[in-house]
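As stored in run35.txt (compact mmCIF, N, CA and C atoms):
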```txt
# COMPACT_ATOMS: atom_id res chain seq x y z
N MET N 20 -53.06 -53.62 7.88
CA MET N 20 -52.38 -54.60 7.06
C MET N 20 -50.99 -54.85 7.63
N LYS N 21 -50.63 -56.09 7.74
CA LYS N 21 -49.35 -56.49 8.31
C LYS N 21 -48.24 -56.42 7.27
N SER N 22 -47.07 -55.91 7.68
CA SER N 22 -45.93 -55.80 6.79
C SER N 22 -45.33 -57.19 6.55
N GLN N 23 -44.95 -57.45 5.32
CA GLN N 23 -44.38 -58.74 4.96
C GLN N 23 -42.86 -58.70 5.09
N VAL N 24 -42.32 -59.42 6.08
CA VAL N 24 -40.89 -59.53 6.27
C VAL N 24 -40.44 -60.83 5.63
N VAL N 25 -39.41 -60.75 4.80
CA VAL N 25 -38.91 -61.92 4.08
C VAL N 25 -37.47 -62.16 4.49
N LYS N 26 -37.15 -63.42 4.76
CA LYS N 26 -35.78 -63.79 5.11
C LYS N 26 -35.03 -64.08 3.82
N ARG N 27 -33.87 -63.43 3.66
CA ARG N 27 -33.07 -63.59 2.45
C ARG N 27 -31.65 -63.97 2.82
N SER N 28 -31.02 -64.78 2.00
CA SER N 28 -29.63 -65.17 2.22
C SER N 28 -28.73 -64.29 1.39
N ILE N 29 -27.56 -63.97 1.95
CA ILE N 29 -26.59 -63.15 1.24
C ILE N 29 -25.20 -63.55 1.72
N VAL N 30 -24.23 -63.46 0.83
CA VAL N 30 -22.85 -63.78 1.19
C VAL N 30 -22.10 -62.47 1.40
N ILE N 31 -21.52 -62.32 2.59
CA ILE N 31 -20.69 -61.14 2.87
C ILE N 31 -19.36 -61.63 3.44
N ALA N 32 -18.30 -61.08 2.90
CA ALA N 32 -16.94 -61.43 3.31
C ALA N 32 -16.73 -62.94 3.27
N GLY N 33 -17.31 -63.60 2.26
CA GLY N 33 -17.14 -65.02 2.08
C GLY N 33 -17.99 -65.91 2.97
N HIS N 34 -18.85 -65.31 3.78
CA HIS N 34 -19.70 -66.09 4.68
C HIS N 34 -21.16 -65.86 4.35
N LYS N 35 -21.92 -66.95 4.32
CA LYS N 35 -23.35 -66.86 4.05
C LYS N 35 -24.06 -66.48 5.34
N THR N 36 -24.95 -65.50 5.22
CA THR N 36 -25.76 -65.07 6.36
C THR N 36 -27.16 -64.76 5.85
N SER N 37 -28.07 -64.54 6.75
CA SER N 37 -29.42 -64.19 6.31
C SER N 37 -29.88 -62.92 7.02
N VAL N 38 -30.73 -62.19 6.33
CA VAL N 38 -31.33 -60.98 6.88
C VAL N 38 -32.83 -61.06 6.65
N SER N 39 -33.57 -60.48 7.56
CA SER N 39 -35.03 -60.43 7.43
C SER N 39 -35.43 -58.99 7.19
N LEU N 40 -35.94 -58.73 5.98
CA LEU N 40 -36.28 -57.36 5.58
C LEU N 40 -37.61 -57.32 4.85
N GLU N 41 -38.30 -56.21 5.01
CA GLU N 41 -39.49 -55.94 4.22
C GLU N 41 -39.06 -55.68 2.78
N ASP N 42 -39.95 -55.96 1.83
CA ASP N 42 -39.64 -55.75 0.41
C ASP N 42 -39.17 -54.32 0.12
N SER N 43 -39.79 -53.34 0.75
CA SER N 43 -39.42 -51.94 0.48
C SER N 43 -37.97 -51.67 0.85
N PHE N 44 -37.52 -52.20 1.96
CA PHE N 44 -36.12 -52.00 2.36
C PHE N 44 -35.18 -52.77 1.44
N TRP N 45 -35.57 -53.98 1.03
CA TRP N 45 -34.74 -54.77 0.12
C TRP N 45 -34.60 -54.06 -1.22
N LYS N 46 -35.71 -53.55 -1.76
CA LYS N 46 -35.66 -52.82 -3.03
C LYS N 46 -34.83 -51.54 -2.90
N GLY N 47 -34.99 -50.84 -1.79
CA GLY N 47 -34.19 -49.63 -1.56
C GLY N 47 -32.71 -49.95 -1.48
N LEU N 48 -32.37 -51.04 -0.82
CA LEU N 48 -30.98 -51.47 -0.71
C LEU N 48 -30.40 -51.79 -2.09
N LYS N 49 -31.17 -52.49 -2.91
CA LYS N 49 -30.73 -52.81 -4.27
C LYS N 49 -30.53 -51.54 -5.09
N GLU N 50 -31.42 -50.57 -4.92
CA GLU N 50 -31.32 -49.30 -5.65
C GLU N 50 -30.04 -48.56 -5.26
N VAL N 51 -29.75 -48.50 -3.97
CA VAL N 51 -28.54 -47.82 -3.51
C VAL N 51 -27.30 -48.53 -4.05
N ALA N 52 -27.27 -49.85 -3.95
CA ALA N 52 -26.12 -50.61 -4.45
C ALA N 52 -25.91 -50.36 -5.94
N GLY N 53 -26.98 -50.42 -6.71
CA GLY N 53 -26.87 -50.18 -8.15
C GLY N 53 -26.40 -48.77 -8.46
N GLY N 54 -26.92 -47.80 -7.71
CA GLY N 54 -26.52 -46.41 -7.92
C GLY N 54 -25.06 -46.16 -7.59
N ARG N 55 -24.51 -46.96 -6.71
CA ARG N 55 -23.10 -46.82 -6.33
C ARG N 55 -22.19 -47.75 -7.13
N GLY N 56 -22.77 -48.52 -8.04
CA GLY N 56 -21.97 -49.45 -8.83
C GLY N 56 -21.41 -50.58 -7.99
N MET N 57 -22.16 -50.99 -6.96
CA MET N 57 -21.71 -52.05 -6.06
C MET N 57 -22.66 -53.24 -6.15
N THR N 58 -22.18 -54.39 -5.74
CA THR N 58 -23.07 -55.53 -5.58
C THR N 58 -23.77 -55.40 -4.23
N LEU N 59 -24.87 -56.11 -4.09
CA LEU N 59 -25.55 -56.14 -2.79
C LEU N 59 -24.60 -56.63 -1.71
N SER N 60 -23.84 -57.66 -2.01
CA SER N 60 -22.91 -58.22 -1.02
C SER N 60 -21.88 -57.19 -0.58
N GLU N 61 -21.37 -56.41 -1.51
CA GLU N 61 -20.39 -55.38 -1.16
C GLU N 61 -21.01 -54.32 -0.26
N LEU N 62 -22.20 -53.86 -0.61
CA LEU N 62 -22.86 -52.84 0.19
C LEU N 62 -23.20 -53.36 1.58
N VAL N 63 -23.72 -54.57 1.66
CA VAL N 63 -24.06 -55.14 2.97
C VAL N 63 -22.80 -55.35 3.81
N ALA N 64 -21.70 -55.74 3.18
CA ALA N 64 -20.44 -55.88 3.91
C ALA N 64 -20.01 -54.54 4.49
N ASP N 65 -20.16 -53.46 3.73
CA ASP N 65 -19.83 -52.12 4.23
C ASP N 65 -20.72 -51.75 5.41
N ILE N 66 -22.01 -52.00 5.28
CA ILE N 66 -22.96 -51.70 6.36
C ILE N 66 -22.58 -52.51 7.60
N ASP N 67 -22.28 -53.78 7.40
CA ASP N 67 -21.92 -54.67 8.51
C ASP N 67 -20.66 -54.19 9.22
N SER N 68 -19.67 -53.76 8.47
CA SER N 68 -18.41 -53.33 9.09
C SER N 68 -18.55 -52.00 9.84
N ASP N 69 -19.54 -51.18 9.46
CA ASP N 69 -19.73 -49.88 10.10
C ASP N 69 -20.67 -49.91 11.30
N ARG N 70 -21.43 -50.99 11.46
CA ARG N 70 -22.44 -50.97 12.53
C ARG N 70 -21.79 -51.11 13.90
N GLN N 71 -22.34 -50.38 14.85
CA GLN N 71 -21.82 -50.35 16.21
C GLN N 71 -22.52 -51.37 17.10
N HIS N 72 -23.80 -51.58 16.88
CA HIS N 72 -24.57 -52.52 17.68
C HIS N 72 -25.83 -52.90 16.93
N GLY N 73 -26.59 -53.82 17.46
CA GLY N 73 -27.81 -54.25 16.81
C GLY N 73 -27.53 -55.33 15.79
N ASN N 74 -28.59 -55.89 15.26
CA ASN N 74 -28.40 -56.96 14.28
C ASN N 74 -28.28 -56.38 12.88
N LEU N 75 -27.84 -57.21 11.97
CA LEU N 75 -27.58 -56.75 10.60
C LEU N 75 -28.84 -56.26 9.91
N SER N 76 -29.96 -56.95 10.11
CA SER N 76 -31.21 -56.52 9.48
C SER N 76 -31.58 -55.10 9.91
N SER N 77 -31.44 -54.81 11.20
CA SER N 77 -31.73 -53.46 11.70
C SER N 77 -30.75 -52.44 11.13
N ALA N 78 -29.48 -52.82 11.04
CA ALA N 78 -28.47 -51.91 10.49
C ALA N 78 -28.79 -51.57 9.03
N ILE N 79 -29.27 -52.54 8.28
CA ILE N 79 -29.63 -52.30 6.87
C ILE N 79 -30.82 -51.35 6.80
N ARG N 80 -31.84 -51.58 7.63
CA ARG N 80 -33.00 -50.68 7.63
C ARG N 80 -32.57 -49.25 7.95
N MET N 81 -31.73 -49.09 8.96
CA MET N 81 -31.28 -47.76 9.35
C MET N 81 -30.46 -47.11 8.23
N PHE N 82 -29.64 -47.89 7.53
CA PHE N 82 -28.86 -47.37 6.42
C PHE N 82 -29.76 -46.87 5.30
N VAL N 83 -30.74 -47.68 4.92
CA VAL N 83 -31.66 -47.29 3.83
C VAL N 83 -32.45 -46.05 4.24
N LEU N 84 -32.95 -46.02 5.47
CA LEU N 84 -33.67 -44.85 5.95
C LEU N 84 -32.79 -43.60 5.89
N ALA N 85 -31.55 -43.71 6.37
CA ALA N 85 -30.63 -42.56 6.36
C ALA N 85 -30.35 -42.11 4.93
N PHE N 86 -30.20 -43.06 4.01
CA PHE N 86 -29.94 -42.70 2.61
C PHE N 86 -31.07 -41.84 2.05
N TYR N 87 -32.30 -42.28 2.25
CA TYR N 87 -33.42 -41.53 1.68
C TYR N 87 -33.67 -40.23 2.44
N ARG N 88 -33.40 -40.18 3.72
CA ARG N 88 -33.48 -38.91 4.46
C ARG N 88 -32.44 -37.93 3.93
N ASP N 89 -31.22 -38.42 3.71
CA ASP N 89 -30.17 -37.55 3.16
C ASP N 89 -30.53 -37.06 1.77
N THR N 90 -31.15 -37.93 0.97
CA THR N 90 -31.59 -37.54 -0.36
C THR N 90 -32.64 -36.43 -0.28
N LEU N 91 -33.59 -36.58 0.62
CA LEU N 91 -34.62 -35.56 0.81
C LEU N 91 -34.01 -34.24 1.28
N SER N 92 -33.06 -34.32 2.22
CA SER N 92 -32.39 -33.11 2.71
C SER N 92 -31.65 -32.40 1.59
N ALA N 93 -31.00 -33.17 0.73
CA ALA N 93 -30.27 -32.57 -0.39
C ALA N 93 -31.23 -31.88 -1.35
N LEU N 94 -32.39 -32.49 -1.58
CA LEU N 94 -33.39 -31.86 -2.44
C LEU N 94 -33.90 -30.57 -1.82
N LYS N 95 -34.12 -30.58 -0.51
CA LYS N 95 -34.58 -29.37 0.18
C LYS N 95 -33.54 -28.26 0.05
N GLU N 96 -32.28 -28.61 0.27
CA GLU N 96 -31.22 -27.61 0.17
C GLU N 96 -31.13 -27.05 -1.25
N GLY N 97 -31.31 -27.90 -2.23
CA GLY N 97 -31.26 -27.47 -3.63
C GLY N 97 -32.40 -26.53 -3.98
N CYS N 98 -33.50 -26.61 -3.24
CA CYS N 98 -34.66 -25.75 -3.47
C CYS N 98 -34.62 -24.50 -2.60
N GLY N 99 -33.58 -24.39 -1.78
CA GLY N 99 -33.47 -23.24 -0.90
C GLY N 99 -34.36 -23.32 0.32
N ALA N 100 -34.83 -24.51 0.67
CA ALA N 100 -35.69 -24.68 1.85
C ALA N 100 -34.90 -24.37 3.11
N LYS N 101 -35.55 -23.70 4.05
CA LYS N 101 -34.89 -23.28 5.27
C LYS N 101 -35.16 -24.20 6.45
N ASP N 102 -36.31 -24.86 6.47
CA ASP N 102 -36.65 -25.72 7.60
C ASP N 102 -37.61 -26.81 7.15
N ASP N 103 -38.02 -27.65 8.09
CA ASP N 103 -38.89 -28.78 7.75
C ASP N 103 -40.27 -28.36 7.29
N THR N 104 -40.67 -27.11 7.52
CA THR N 104 -42.00 -26.68 7.10
C THR N 104 -41.99 -26.08 5.70
N SER N 105 -40.80 -25.90 5.13
CA SER N 105 -40.71 -25.34 3.80
C SER N 105 -41.19 -26.35 2.77
N PRO N 106 -41.80 -25.85 1.68
CA PRO N 106 -42.29 -26.79 0.67
C PRO N 106 -41.14 -27.54 0.00
N VAL N 107 -41.39 -28.78 -0.27
CA VAL N 107 -40.41 -29.63 -0.96
C VAL N 107 -41.08 -30.12 -2.23
N PRO N 108 -40.36 -30.09 -3.34
CA PRO N 108 -40.98 -30.57 -4.57
C PRO N 108 -41.35 -32.03 -4.44
N SER N 109 -42.46 -32.39 -5.05
CA SER N 109 -42.86 -33.79 -5.00
C SER N 109 -42.00 -34.57 -5.97
N PHE N 110 -41.59 -35.74 -5.53
CA PHE N 110 -40.75 -36.59 -6.36
C PHE N 110 -40.97 -38.03 -5.94
N SER N 111 -40.58 -38.93 -6.81
CA SER N 111 -40.57 -40.33 -6.44
C SER N 111 -39.29 -40.95 -7.00
N VAL N 112 -38.76 -41.87 -6.26
CA VAL N 112 -37.56 -42.56 -6.69
C VAL N 112 -37.98 -43.94 -7.15
N PRO N 113 -37.92 -44.20 -8.44
CA PRO N 113 -38.33 -45.52 -8.92
C PRO N 113 -37.35 -46.58 -8.42
N LEU N 114 -37.88 -47.65 -7.90
CA LEU N 114 -37.05 -48.75 -7.42
C LEU N 114 -37.10 -49.86 -8.44
N ARG N 115 -35.92 -50.29 -8.85
CA ARG N 115 -35.84 -51.38 -9.81
C ARG N 115 -35.98 -52.70 -9.09
N ASN N 116 -36.55 -53.67 -9.75
CA ASN N 116 -36.66 -55.02 -9.18
C ASN N 116 -35.42 -55.82 -9.43
```
Can you dump the structure from the file as structure tokens?
Amino acid sequence: MKSQVVKRSIVIAGHKTSVSLEDSFWKGLKEVAGGRGMTLSELVADIDSDRQHGNLSSAIRMFVLAFYRDTLSALKEGCGAKDDTSPVPSFSVPLRN
């Protein structure tokens, strides 16, 4: 099954731009922004200002991936896990639409 990439417009730093993201990354980005009390535009502006290279869509994907990896690592540490083979409690992070 082919992944559905959707082009979306967003305003960052007063300029309209577009990003092409899969729904899962878009929903994850919205979840992170909401959890931080930020607008999508504010979060994307932060991601844009921190990126070293690559396009904005790729930078957003890498940011969302890093966020959820960090979340998983924090859960592992909280459970006393020592390495990647240690059991991790099953969990799901509900994504709001």
**Message:** Residues near range 70-84 of chain N, anyone? I mean within 7 Å using all atoms listed in the file, not counting same-chain ones fewer than 6 positions away, as a ChimeraX atom specification.
**Reply:** /N:37-40,44,47-48
**Asked** Can you list, as a PyMOL selection string, every residue of range 45-88 of chain N that DSSP puts in helix (DSSP H, G or I)?
**Response** chain N and resi 45-54+59-69+75-88
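Note that the spacing between CA of Ala85 in chain N and CA of Gly33 in chain N amounts to 26.5 Å.
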**Shell around range 51-60 of chain N at 7 Å using only C-alpha atoms, local window under 2 positions removed, as an MDAnalysis selection string** = chainID N and resid 29:31 47:49 62:64
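Counting from atom C of Asp42 in chain N, the distance to atom N of Ser68 in chain N is 21.2 Å.
Interatomic distance, atom N of Gln23 in chain N to atom N of Arg88 in chain N: 20.8 Å.
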**Nearest candidate to Val24 in chain N (options N:Cys98, N:Glu41, N:Asp89, N:Asp67; using all atoms listed in the file)** =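 Going through N:Cys98, N:Glu41, N:Asp89, N:Asp67 one by one, the smallest distance to Val24 in chain N is for N:Glu41.
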Starting from 6 Å padding per side, set up an axis-aligned box that covers all listed atoms of range 46-51 of chain N and hand over centre and edge lengths in Å, one decimal, as lines of an AutoDock Vina configuration file.
```
center_x = -31.5
center_y = -50.7
center_z = -3.2
size_x = 20.4
size_y = 17.7
size_z = 16.9
```
Atoms are missing here; could range 44-55 of chain N be completed with all heavy atoms and written as a PDB file, keeping the file's coordinate frame?
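Done, and the output landed in rebuild_21.pdb:
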```
ATOM      1  N   PHE N  44     -37.520 -52.200   1.960  1.00  0.00           N
ATOM      2  CA  PHE N  44     -36.120 -52.000   2.360  1.00  0.00           C
ATOM      3  C   PHE N  44     -35.180 -52.770   1.440  1.00  0.00           C
ATOM      4  O   PHE N  44     -34.106 -52.284   1.095  1.00  0.00           O
ATOM      5  CB  PHE N  44     -35.900 -52.406   3.826  1.00  0.00           C
ATOM      6  CG  PHE N  44     -36.411 -51.390   4.792  1.00  0.00           C
ATOM      7  CD1 PHE N  44     -37.574 -51.620   5.502  1.00  0.00           C
ATOM      8  CD2 PHE N  44     -35.744 -50.188   4.995  1.00  0.00           C
ATOM      9  CE1 PHE N  44     -38.056 -50.676   6.398  1.00  0.00           C
ATOM     10  CE2 PHE N  44     -36.217 -49.243   5.880  1.00  0.00           C
ATOM     11  CZ  PHE N  44     -37.378 -49.485   6.582  1.00  0.00           C
ATOM     12  N   TRP N  45     -35.570 -53.980   1.030  1.00  0.00           N
ATOM     13  CA  TRP N  45     -34.740 -54.770   0.120  1.00  0.00           C
ATOM     14  C   TRP N  45     -34.600 -54.060  -1.220  1.00  0.00           C
ATOM     15  O   TRP N  45     -33.501 -53.944  -1.765  1.00  0.00           O
ATOM     16  CB  TRP N  45     -35.350 -56.157  -0.053  1.00  0.00           C
ATOM     17  CG  TRP N  45     -34.505 -57.088  -0.858  1.00  0.00           C
ATOM     18  CD1 TRP N  45     -34.749 -57.523  -2.122  1.00  0.00           C
ATOM     19  CD2 TRP N  45     -33.271 -57.695  -0.460  1.00  0.00           C
ATOM     20  NE1 TRP N  45     -33.754 -58.376  -2.535  1.00  0.00           N
ATOM     21  CE2 TRP N  45     -32.831 -58.495  -1.538  1.00  0.00           C
ATOM     22  CE3 TRP N  45     -32.496 -57.636   0.693  1.00  0.00           C
ATOM     23  CZ2 TRP N  45     -31.644 -59.234  -1.488  1.00  0.00           C
ATOM     24  CZ3 TRP N  45     -31.316 -58.381   0.740  1.00  0.00           C
ATOM     25  CH2 TRP N  45     -30.908 -59.157  -0.338  1.00  0.00           C
ATOM     26  N   LYS N  46     -35.710 -53.550  -1.760  1.00  0.00           N
ATOM     27  CA  LYS N  46     -35.660 -52.820  -3.030  1.00  0.00           C
ATOM     28  C   LYS N  46     -34.830 -51.540  -2.900  1.00  0.00           C
ATOM     29  O   LYS N  46     -34.066 -51.203  -3.799  1.00  0.00           O
ATOM     30  CB  LYS N  46     -37.074 -52.498  -3.501  1.00  0.00           C
ATOM     31  CG  LYS N  46     -37.820 -53.713  -3.985  1.00  0.00           C
ATOM     32  CD  LYS N  46     -39.252 -53.374  -4.371  1.00  0.00           C
ATOM     33  CE  LYS N  46     -40.012 -54.611  -4.780  1.00  0.00           C
ATOM     34  NZ  LYS N  46     -41.414 -54.318  -5.129  1.00  0.00           N
ATOM     35  N   GLY N  47     -34.990 -50.840  -1.790  1.00  0.00           N
ATOM     36  CA  GLY N  47     -34.190 -49.630  -1.560  1.00  0.00           C
ATOM     37  C   GLY N  47     -32.710 -49.950  -1.480  1.00  0.00           C
ATOM     38  O   GLY N  47     -31.870 -49.234  -2.039  1.00  0.00           O
ATOM     39  N   LEU N  48     -32.370 -51.040  -0.820  1.00  0.00           N
ATOM     40  CA  LEU N  48     -30.980 -51.470  -0.710  1.00  0.00           C
ATOM     41  C   LEU N  48     -30.400 -51.790  -2.090  1.00  0.00           C
ATOM     42  O   LEU N  48     -29.280 -51.382  -2.416  1.00  0.00           O
ATOM     43  CB  LEU N  48     -30.892 -52.696   0.205  1.00  0.00           C
ATOM     44  CG  LEU N  48     -29.501 -53.223   0.525  1.00  0.00           C
ATOM     45  CD1 LEU N  48     -28.714 -52.217   1.366  1.00  0.00           C
ATOM     46  CD2 LEU N  48     -29.605 -54.551   1.267  1.00  0.00           C
ATOM     47  N   LYS N  49     -31.170 -52.490  -2.910  1.00  0.00           N
ATOM     48  CA  LYS N  49     -30.730 -52.810  -4.270  1.00  0.00           C
ATOM     49  C   LYS N  49     -30.530 -51.540  -5.090  1.00  0.00           C
ATOM     50  O   LYS N  49     -29.575 -51.432  -5.858  1.00  0.00           O
ATOM     51  CB  LYS N  49     -31.747 -53.722  -4.942  1.00  0.00           C
ATOM     52  CG  LYS N  49     -31.726 -55.149  -4.426  1.00  0.00           C
ATOM     53  CD  LYS N  49     -32.883 -55.990  -4.913  1.00  0.00           C
ATOM     54  CE  LYS N  49     -33.009 -56.083  -6.393  1.00  0.00           C
ATOM     55  NZ  LYS N  49     -34.071 -57.022  -6.823  1.00  0.00           N
ATOM     56  N   GLU N  50     -31.420 -50.570  -4.920  1.00  0.00           N
ATOM     57  CA  GLU N  50     -31.320 -49.300  -5.650  1.00  0.00           C
ATOM     58  C   GLU N  50     -30.040 -48.560  -5.260  1.00  0.00           C
ATOM     59  O   GLU N  50     -29.318 -48.045  -6.126  1.00  0.00           O
ATOM     60  CB  GLU N  50     -32.542 -48.440  -5.361  1.00  0.00           C
ATOM     61  CG  GLU N  50     -32.530 -47.107  -6.069  1.00  0.00           C
ATOM     62  CD  GLU N  50     -32.785 -47.202  -7.559  1.00  0.00           C
ATOM     63  OE1 GLU N  50     -33.327 -48.221  -8.018  1.00  0.00           O
ATOM     64  OE2 GLU N  50     -32.439 -46.242  -8.268  1.00  0.00           O
ATOM     65  N   VAL N  51     -29.750 -48.500  -3.970  1.00  0.00           N
ATOM     66  CA  VAL N  51     -28.540 -47.820  -3.510  1.00  0.00           C
ATOM     67  C   VAL N  51     -27.300 -48.530  -4.050  1.00  0.00           C
ATOM     68  O   VAL N  51     -26.377 -47.880  -4.556  1.00  0.00           O
ATOM     69  CB  VAL N  51     -28.487 -47.733  -1.964  1.00  0.00           C
ATOM     70  CG1 VAL N  51     -27.158 -47.161  -1.489  1.00  0.00           C
ATOM     71  CG2 VAL N  51     -29.649 -46.891  -1.433  1.00  0.00           C
ATOM     72  N   ALA N  52     -27.270 -49.850  -3.950  1.00  0.00           N
ATOM     73  CA  ALA N  52     -26.120 -50.610  -4.450  1.00  0.00           C
ATOM     74  C   ALA N  52     -25.910 -50.360  -5.940  1.00  0.00           C
ATOM     75  O   ALA N  52     -24.788 -50.071  -6.375  1.00  0.00           O
ATOM     76  CB  ALA N  52     -26.314 -52.104  -4.176  1.00  0.00           C
ATOM     77  N   GLY N  53     -26.980 -50.420  -6.710  1.00  0.00           N
ATOM     78  CA  GLY N  53     -26.870 -50.180  -8.150  1.00  0.00           C
ATOM     79  C   GLY N  53     -26.400 -48.770  -8.460  1.00  0.00           C
ATOM     80  O   GLY N  53     -25.566 -48.563  -9.339  1.00  0.00           O
ATOM     81  N   GLY N  54     -26.920 -47.800  -7.710  1.00  0.00           N
ATOM     82  CA  GLY N  54     -26.520 -46.410  -7.920  1.00  0.00           C
ATOM     83  C   GLY N  54     -25.060 -46.160  -7.590  1.00  0.00           C
ATOM     84  O   GLY N  54     -24.441 -45.253  -8.147  1.00  0.00           O
ATOM     85  N   ARG N  55     -24.510 -46.960  -6.710  1.00  0.00           N
ATOM     86  CA  ARG N  55     -23.100 -46.820  -6.330  1.00  0.00           C
ATOM     87  C   ARG N  55     -22.190 -47.750  -7.130  1.00  0.00           C
ATOM     88  O   ARG N  55     -20.994 -47.796  -6.887  1.00  0.00           O
ATOM     89  CB  ARG N  55     -22.928 -47.111  -4.841  1.00  0.00           C
ATOM     90  CG  ARG N  55     -23.579 -46.063  -3.968  1.00  0.00           C
ATOM     91  CD  ARG N  55     -23.330 -46.343  -2.514  1.00  0.00           C
ATOM     92  NE  ARG N  55     -23.909 -45.280  -1.704  1.00  0.00           N
ATOM     93  CZ  ARG N  55     -23.759 -45.198  -0.394  1.00  0.00           C
ATOM     94  NH1 ARG N  55     -23.071 -46.106   0.253  1.00  0.00           N
ATOM     95  NH2 ARG N  55     -24.313 -44.203   0.271  1.00  0.00           N
TER      96      ARG N  55
END
```
